[in-house]
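**Student:** The structure under discussion is supplied below as structure tokens; questions concerning it will follow.
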Amino acid sequence: MQRVAAKPQFYVVFIASGGRAGAVKRAKLSLYGAFILGIFSLGVGFRFWELDTIPRINGDEAWIGWKANRFLAGEGLDFQSNSAILSNPFFLMPSIVVHGLLPPGGTALRIVAAVSGVLALVANLLLGRWALGSVFA
């Protein structure tokens with residue numbers, strides 16, 4: 001009899017949402033799934049690594065930070081840029097909140113974009129699974 005080498009399998013343990021409270025199920029992740037999860041985690045890590053220094057601050061980031069700090073200082077908030085283009089309120093409003101919580105710097109300028117980018121990846125995965133099924137997503 002010949003022995004066949006077993007394929008490596010990774011297990012993720014999660015609490016089942018239905019059934020008995022505290023019931024634990026095991027789900028098998030293929031090597032491919034673990035690789036994709038690792039690449040995703042590496043990408044998210046690189047997105048937040050050295051957020052305040054790499055690359056240097058550009059004009060758009062500084063302009064949004066300037067608008068947020070002006071609003072926090074008690075001045076009015078106008079959504080129009082110097083080139084008469086309207087600012088995105090879904091980006092400007094969270095930036096105002098972040099500038100109220102963090103000291104001025106590169107992290108305060110970029111954290112809203114980084115978090116919204118990661119949330120967009122998660123939303124894309126969930127919508128892809130819903131529309132195309134788990135095999136394609």
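Please note that chains go A, B, ... in the order of the structure tokens, that every chain numbers its residues from 1, and that ligands are numbered from 1 in the order shown.
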Might you pull out every residue within 9 Å of segment 58-61 of chain A, with only C-alpha atoms counted and same-chain residues fewer than 6 positions away left off, and present them as a ChimeraX atom specification?

**Tutor:** /A:106,109-110

**Student:** Just checking: using only C-alpha atoms, which residue out of A:Val97, A:Asp52, A:Gly43, A:Lys67 ends up closest to Gly117 of chain A?

**Tutor:**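 When distances to Gly117 of chain A are compared using only C-alpha atoms, the smallest one comes from A:Gly43.
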
**Student:** I want to know what sits within 8 Å of Phe79 of chain A, based on only C-alpha atoms, with residues of the same chain fewer than 4 positions away left out; could you give that as an NGL selection string?

**Tutor:** :A and (86-89)

**Student:** Considering only C-alpha atoms, can you say which of A:Phe40, A:Tyr32, A:Phe71, A:Trp49 comes closest to His99 of chain A?

**Tutor:**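 Ranking A:Phe40, A:Tyr32, A:Phe71, A:Trp49 by distance to His99 of chain A, first place goes to A:Phe71.
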